[in-house]
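Shown below: model_6.txt, with compact mmCIF, C-alpha atoms and all ligand atoms.
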# COMPACT_ATOMS: atom_id res chain seq x y z
CA MET A 163 -12.87 -17.29 -11.41
CA ASN A 164 -13.71 -13.67 -10.76
CA PRO A 165 -17.18 -12.61 -12.08
CA ALA A 166 -15.46 -9.89 -14.15
CA ALA A 167 -12.78 -12.23 -15.56
CA SER A 168 -14.16 -11.98 -19.12
CA TRP A 169 -12.72 -8.43 -19.26
CA PHE A 170 -9.20 -9.70 -18.71
CA LYS A 171 -9.05 -13.39 -19.67
CA GLY A 172 -6.22 -14.35 -22.04
CA ARG A 173 -4.50 -10.96 -21.80
CA LYS A 174 -0.98 -10.16 -20.69
CA LEU A 175 -0.60 -8.09 -17.55
CA VAL A 176 2.60 -6.28 -16.61
CA ILE A 177 3.44 -5.96 -12.91
CA ALA A 178 5.42 -2.75 -12.43
CA THR A 179 7.89 -3.86 -9.79
CA LYS A 180 11.55 -4.61 -9.32
CA HIS A 181 11.12 -5.82 -5.76
CA HIS A 182 9.54 -9.23 -6.48
CA LYS A 183 5.99 -8.20 -5.61
CA GLU A 184 4.88 -10.52 -8.41
CA GLN A 185 5.48 -13.40 -5.97
CA VAL A 186 2.22 -12.58 -4.19
CA ILE A 187 0.34 -10.63 -6.90
CA ALA A 188 0.77 -12.88 -9.95
CA PRO A 189 -0.64 -16.21 -8.65
CA LEU A 190 -3.86 -14.54 -7.45
CA LEU A 191 -4.44 -12.53 -10.64
CA GLU A 192 -3.63 -15.45 -12.95
CA LYS A 193 -6.01 -17.74 -11.10
CA GLN A 194 -8.90 -15.30 -10.74
CA LEU A 195 -8.65 -13.20 -13.92
CA GLY A 196 -7.07 -15.66 -16.37
CA VAL A 197 -4.28 -13.21 -17.26
CA THR A 198 -0.60 -14.02 -17.86
CA CYS A 199 1.60 -11.86 -15.64
CA PHE A 200 5.12 -10.73 -16.40
CA ILE A 201 7.56 -8.13 -15.09
CA PRO A 202 9.35 -5.56 -17.27
CA GLU A 203 13.04 -6.17 -17.87
CA ALA A 204 15.33 -3.74 -16.04
CA PHE A 205 12.37 -1.84 -14.62
CA ASP A 206 13.57 1.01 -12.42
CA SER A 207 10.82 2.38 -10.20
CA ASP A 208 13.44 4.16 -8.06
CA VAL A 209 13.25 7.18 -10.37
CA LEU A 210 9.80 7.76 -8.81
CA GLY A 211 11.15 7.75 -5.23
CA THR A 212 12.76 5.38 -2.73
CA PHE A 213 12.01 4.56 0.91
CA SER A 214 15.59 5.05 2.02
CA GLY A 215 15.56 8.64 0.81
CA GLU A 216 18.11 8.74 -2.06
CA VAL A 217 15.30 9.83 -4.39
CA GLU A 218 12.50 11.72 -2.71
CA ARG A 219 8.97 10.75 -3.70
CA THR A 220 7.38 14.02 -4.79
CA ASP A 221 3.91 12.75 -5.81
CA ASP A 222 1.20 11.24 -3.62
CA PRO A 223 1.15 7.40 -3.46
CA LEU A 224 -1.73 7.04 -5.94
CA THR A 225 -0.01 9.22 -8.56
CA THR A 226 3.24 7.32 -8.01
CA ALA A 227 1.48 3.96 -8.52
CA ARG A 228 -0.18 5.30 -11.68
CA ASN A 229 3.18 6.57 -12.99
CA LYS A 230 4.74 3.16 -12.35
CA CYS A 231 1.97 1.54 -14.42
CA ILE A 232 2.42 4.04 -17.26
CA LEU A 233 6.21 3.56 -17.22
CA ALA A 234 5.86 -0.24 -17.39
CA MET A 235 3.21 -0.03 -20.14
CA GLU A 236 5.41 2.21 -22.27
CA GLN A 237 8.41 -0.03 -21.75
CA THR A 238 6.56 -3.24 -22.66
CA GLN A 239 3.79 -2.09 -25.07
CA CYS A 240 1.30 -3.82 -22.77
CA ASP A 241 -2.19 -2.33 -22.29
CA LEU A 242 -2.82 -3.82 -18.84
CA ALA A 243 -0.70 -3.03 -15.78
CA ILE A 244 -0.65 -3.19 -12.01
CA ALA A 245 1.52 -1.33 -9.49
CA SER A 246 1.61 -0.95 -5.74
CA GLU A 247 2.88 1.82 -3.53
CA GLY A 248 3.40 1.63 0.21
CA SER A 249 3.52 4.41 2.79
CA PHE A 250 4.78 3.91 6.31
CA GLY A 251 4.25 6.00 9.41
CA PRO A 252 1.92 6.53 12.34
CA HIS A 253 -1.56 5.04 11.81
CA PRO A 254 -4.04 7.83 10.88
CA ALA A 255 -6.51 6.84 13.63
CA LEU A 256 -4.43 4.90 16.17
CA TYR A 257 -1.84 7.43 17.29
CA PHE A 258 1.79 6.34 17.65
CA ILE A 259 1.13 2.88 16.23
CA PRO A 260 3.16 2.37 13.05
CA SER A 261 1.24 1.30 9.98
CA ASP A 262 1.73 0.14 6.41
CA ASP A 263 -0.66 1.72 3.94
CA GLU A 264 -0.55 -0.19 0.64
CA ILE A 265 -2.24 1.09 -2.50
CA LEU A 266 -2.69 -1.23 -5.46
CA LEU A 267 -3.73 0.15 -8.82
CA LEU A 268 -4.87 -1.65 -11.96
CA LEU A 269 -4.73 0.30 -15.20
CA ASP A 270 -6.49 -1.06 -18.29
CA ARG A 271 -5.99 1.03 -21.44
CA LYS A 272 -8.16 -1.23 -23.59
CA HIS A 273 -11.22 -0.46 -21.47
CA GLN A 274 -10.12 2.96 -20.11
CA LEU A 275 -10.39 1.53 -16.63
CA GLU A 276 -8.61 2.38 -13.39
CA ILE A 277 -9.34 0.38 -10.24
CA VAL A 278 -7.70 1.16 -6.90
CA ALA A 279 -7.60 -0.90 -3.72
CA ARG A 280 -6.00 -0.25 -0.38
CA GLU A 281 -4.90 -2.18 2.69
CA LEU A 282 -4.11 -0.22 5.83
CA SER A 283 -2.35 -2.51 8.30
CA THR A 284 -0.70 -2.22 11.68
CA GLU A 285 1.24 -5.38 10.77
CA THR A 286 4.61 -3.76 10.10
CA ASN A 287 8.11 -3.73 11.57
CA PHE A 288 8.66 -0.12 10.33
CA HIS A 289 11.22 1.42 12.67
CA GLY A 290 14.43 3.43 12.76
CA THR A 291 16.78 4.62 15.49
CA GLU A 292 20.29 5.88 16.14
CA VAL A 293 22.51 3.07 17.46
CA THR A 294 25.61 3.87 19.46
CA ASN A 295 26.87 0.40 20.40
CA VAL A 296 26.66 -3.26 19.43
CA ASP A 297 24.14 -4.15 22.15
CA ALA A 298 21.75 -1.44 20.98
CA LEU A 299 22.14 -2.68 17.42
CA ARG A 300 21.43 -6.28 18.48
CA ASN A 301 18.30 -5.20 20.37
CA PHE A 302 17.06 -3.19 17.40
CA ALA A 303 17.74 -6.07 15.01
CA THR A 304 15.87 -8.58 17.15
CA ALA A 305 12.91 -6.24 17.59
CA VAL A 306 12.49 -5.78 13.82
CA LYS A 307 12.65 -9.54 13.03
CA PHE A 308 16.18 -9.51 11.61
CA PRO A 309 17.52 -11.45 9.71
CA SER A 310 14.28 -12.58 7.99
CA HIS A 311 13.65 -8.83 7.56
CA ALA A 312 16.54 -6.73 6.24
CA ILE A 313 18.13 -3.68 7.87
CA ILE A 314 19.65 -0.50 6.41
CA LEU A 315 22.63 1.17 8.12
CA LYS A 316 23.30 4.85 7.46
CA GLN A 317 26.10 7.15 8.49
CA MET A 318 24.57 10.42 9.66
CA LYS A 319 26.96 12.89 8.11
CA ALA A 320 26.28 16.40 6.84
CA GLY A 321 26.18 16.16 3.04
CA GLY A 322 25.46 12.41 3.18
CA GLY A 323 27.53 9.58 4.57
CA SER A 324 27.69 6.01 3.36
CA MET A 325 24.69 3.68 3.42
CA LYS A 326 24.29 -0.09 3.25
CA LYS A 327 20.88 -1.47 2.24
CA GLY A 328 19.46 -4.98 2.26
CA ILE A 329 21.56 -6.43 5.09
CA THR A 330 20.28 -9.90 6.03
CA ASP A 331 23.29 -11.45 7.73
CA TRP A 332 24.57 -10.91 11.30
CA ASN A 333 28.26 -10.81 10.34
CA LEU A 334 27.70 -8.23 7.65
CA LEU A 335 25.50 -6.17 9.98
CA LEU A 336 28.12 -6.07 12.76
CA GLU A 337 31.04 -5.50 10.39
CA THR A 338 29.31 -2.68 8.56
CA PHE A 339 28.30 -1.09 11.85
CA GLN A 340 31.84 -1.23 13.32
CA HIS A 341 33.23 0.22 10.12
CA MET A 342 30.74 3.12 10.07
CA LEU A 343 31.35 3.82 13.76
CA LEU A 344 35.07 4.39 13.10
CA SER A 345 34.30 7.62 11.25
CA GLY A 346 32.96 9.13 14.46
CA ASP A 347 29.62 10.06 12.87
CA PRO A 348 26.36 8.79 14.39
CA VAL A 349 24.97 5.60 12.83
CA PHE A 350 21.29 5.18 12.11
CA ALA A 351 19.65 1.74 11.73
CA GLU A 352 16.31 1.36 9.97
CA THR A 353 14.10 -1.36 8.56
CA ASP A 354 14.43 -2.04 4.83
CA MET A 355 10.86 -1.65 3.57
CA ARG A 356 11.42 -2.95 0.03
CA ALA A 357 9.00 -5.83 -0.44
CA LEU A 358 11.58 -8.53 -1.22
CA TYR A 359 13.43 -7.72 2.01
CA ASN A 360 10.32 -7.51 4.14
CA PRO A 361 8.01 -10.58 4.34
CA THR A 362 5.59 -8.73 6.64
CA ARG A 363 5.08 -6.07 3.98
CA MET A 364 4.73 -8.76 1.31
CA ASN A 365 1.77 -10.18 3.31
CA VAL A 366 0.09 -6.77 3.37
CA ILE A 367 0.54 -6.49 -0.42
CA GLU A 368 -1.10 -9.91 -0.74
CA LYS A 369 -4.08 -8.64 1.30
CA ALA A 370 -4.29 -5.55 -0.91
CA THR A 371 -4.39 -7.90 -3.93
CA HIS A 372 -7.40 -9.72 -2.43
CA ASN A 373 -9.07 -6.33 -1.88
CA LEU A 374 -8.40 -5.38 -5.49
CA LEU A 375 -9.88 -8.62 -6.82
CA GLU A 376 -12.95 -8.09 -4.64
CA LYS A 377 -13.36 -4.62 -6.10
CA ILE A 378 -12.93 -5.93 -9.65
CA ALA A 379 -15.62 -8.53 -8.91
CA SER A 380 -18.10 -5.78 -8.09
CA VAL A 381 -19.70 -4.80 -11.42
CA CYS A 382 -22.03 -1.94 -12.33
CA PRO A 383 -25.70 -3.08 -12.36
CA GLN A 384 -26.31 -1.03 -15.52
CA CYS A 385 -23.24 -1.51 -17.78
CA GLN A 386 -21.37 -4.38 -16.01
CA THR A 387 -18.08 -2.43 -15.80
CA PRO A 388 -15.87 -3.85 -13.01
CA GLY A 389 -14.80 -1.74 -10.04
CA TYR A 390 -18.26 -0.52 -9.04
CA SER A 391 -17.72 0.69 -5.48
CA VAL A 392 -18.29 3.24 -2.74
CA THR A 393 -17.22 6.71 -3.88
CA ASP A 394 -18.71 8.79 -1.07
CA ARG A 395 -19.68 8.38 2.55
CA CYS A 396 -22.34 10.82 3.83
CA ALA A 397 -22.55 11.82 7.48
CA GLY A 398 -25.84 12.52 9.29
CA LEU A 399 -26.86 9.43 11.25
CA PRO A 400 -29.52 10.77 13.69
CA CYS A 401 -28.91 10.82 17.44
CA SER A 402 -31.07 8.25 19.26
CA LEU A 403 -31.93 10.79 21.99
CA CYS A 404 -32.52 14.16 20.29
CA GLY A 405 -32.68 13.22 16.61
CA SER A 406 -30.00 15.71 15.51
CA SER A 407 -27.67 14.75 12.70
CA THR A 408 -24.33 13.40 13.92
CA ARG A 409 -21.01 13.09 12.10
CA SER A 410 -21.45 9.32 11.81
CA VAL A 411 -22.07 7.73 8.41
CA LYS A 412 -25.70 7.60 7.31
CA SER A 413 -25.27 6.48 3.71
CA HIS A 414 -22.83 5.24 1.10
CA ILE A 415 -22.89 6.36 -2.51
CA LEU A 416 -21.71 3.95 -5.19
CA THR A 417 -20.78 5.34 -8.60
CA CYS A 418 -19.84 3.62 -11.86
CA SER A 419 -16.71 5.14 -13.43
CA ASN A 420 -17.98 4.27 -16.92
CA CYS A 421 -21.68 5.16 -17.17
CA SER A 422 -22.02 7.30 -14.00
CA TYR A 423 -24.81 5.07 -12.66
CA ARG A 424 -25.30 5.94 -8.96
CA GLN A 425 -26.84 4.18 -6.02
CA THR A 426 -27.33 5.34 -2.44
CA ILE A 427 -27.19 2.70 0.27
CA GLU A 428 -28.87 3.95 3.45
CA TYR A 429 -27.56 2.76 6.82
CA PRO A 430 -24.67 0.68 5.38
CA ASN A 431 -23.46 -0.20 8.90
CA GLN A 432 -26.91 -1.67 9.84
CA LYS A 433 -27.28 1.15 12.34
CA HIS A 434 -30.28 3.53 12.13
CA THR A 435 -29.40 5.82 15.05
CA GLU A 436 -26.23 6.95 16.81
CA ASP A 437 -25.38 6.82 20.51
CA PRO A 438 -25.86 10.30 22.14
CA MET A 439 -22.20 10.03 23.17
CA TYR A 440 -21.28 11.03 19.59
CA CYS A 441 -23.94 13.76 19.35
CA ASP A 442 -22.66 17.36 19.32
CA VAL A 443 -25.99 18.60 20.76
CA CYS A 444 -26.38 16.05 23.63
CA ASN A 445 -22.67 15.71 24.35
CA PRO A 446 -20.94 18.90 23.21
ZN ZN B 1 -21.93 1.51 -15.39
ZN ZN B 2 -28.47 14.19 20.54
Transcribe the structure of this file into structure tokens.
Ligand SMILES: [Zn+2]
Ligand SMILES: [Zn+2]
Amino acid sequence: MNPAASWFKGRKLVIATKHHKEQVIAPLLEKQLGVTCFIPEAFDSDVLGTFSGEVERTDDPLTTARNKCILAMEQTQCDLAIASEGSFGPHPALYFIPSDDEILLLLDRKHQLEIVARELSTETNFHGTEVTNVDALRNFATAVKFPSHAIILKQMKAGGGSMKKGITDWNLLLETFQHMLLSGDPVFAETDMRALYNPTRMNVIEKATHNLLEKIASVCPQCQTPGYSVTDRCAGLPCSLCGSSTRSVKSHILTCSNCSYRQTIEYPNQKHTEDPMYCDVCNP
């Protein structure tokens, strides 16, 4: 059991998803928090944006996840909800490497609590390309782990051509492709990133769930509210040669969202000085 389980034990928790994310989220939460998970009937998160572009996501991922929770809570009259939101694209630090950035948010109206966790992973098949012939399509499909991972085919037509999502069968893939090609418009193949069609993404969501439970387990030393965690990272680790402040992290600040208790942890990375290589004075 999670050390903060007493806050949640015996309560119902709604998982705001229509893409079967409960498969990985529910067992972990039920075991560690003692909640009973359920999904809302006919929940449509697509109104908040889709990956395949029919509905553009206008808010940032955190706001979208929060809105999903609120929508599910209103629909089910439940005061405890969880939602996840994924973003795909180049990794923010490792250029050109695709990444899956998953945000998981727990909203608890009973305790006025919001806890957010994240998992940034390079484990993703995220990819898309124009395909002009069957061989190119086969190569793309193999590279993105088809058919265990689904593919979307799109006709690239001004004003919007046809689109087929969730393809997980070779015959259907080839038939749909040949059919789209007949129109003479270019055909674009991309990975279907919806969780139920993408086991690799489902694994990343599972990791994010572990991160969330770890964060819940961290309680404020003063008021015991769960979710006590790092809210700021301060630069200024001194250079080992000249002693000037560098841009490397010197301290972490932890803040309680409930009572505003604060703690500063000096040298969180067990490092008291920085290599002159990262010093703007020694190595400009
Ligand atoms: Zn506190
Ligand atoms: Zn220096």
Task: Protein and nucleic acid residues within 9 Å of ligand ZN 2 (chain B) (only C-alpha atoms and all ligand atoms) as a PyMOL selection string - done: chain A and resi 400-408+436-445
Could you write out that same residue set with C-alpha atoms as a tab-separated table (two decimals), in the frame of the given file?
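File produced: part_31.tsv:
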chain	number	residue	atom	x	y	z
A	400	PRO	CA	-29.52	10.77	13.69
A	401	CYS	CA	-28.91	10.82	17.44
A	402	SER	CA	-31.07	8.25	19.26
A	403	LEU	CA	-31.93	10.79	21.99
A	404	CYS	CA	-32.52	14.16	20.29
A	405	GLY	CA	-32.68	13.22	16.61
A	406	SER	CA	-30.00	15.71	15.51
A	407	SER	CA	-27.67	14.75	12.70
A	408	THR	CA	-24.33	13.40	13.92
A	436	GLU	CA	-26.23	6.95	16.81
A	437	ASP	CA	-25.38	6.82	20.51
A	438	PRO	CA	-25.86	10.30	22.14
A	439	MET	CA	-22.20	10.03	23.17
A	440	TYR	CA	-21.28	11.03	19.59
A	441	CYS	CA	-23.94	13.76	19.35
A	442	ASP	CA	-22.66	17.36	19.32
A	443	VAL	CA	-25.99	18.60	20.76
A	444	CYS	CA	-26.38	16.05	23.63
A	445	ASN	CA	-22.67	15.71	24.35
Open item on the list: I'd like the neighbourhood of Ala379 (chain A) as a PyMOL selection string, where a residue qualifies if any of its atoms comes within 10 Å (using all atoms listed in the file), though same-chain residues fewer than 6 positions away should be ignored.
Closed with: chain A and resi 163-167+194-195+373+387-390
Task: Nearest to Pro361 (chain A), chosen from A:Arg271, A:Arg395, A:His289, A:Lys183, with all atoms listed in the file counted in the distances - done: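 Nearest candidate to Pro361 (chain A) out of A:Arg271, A:Arg395, A:His289, A:Lys183: A:Lys183.
Shortest separation to Met235 (chain A) among A:Asn365, A:Asn420, A:Asn360, A:Thr179 occurs at residue A:Thr179, atoms counted being all atoms listed in the file.
The interatomic distance for the pair CA of Phe302 (chain A) and CA of Val217 (chain A) works out to 25.4 Å.
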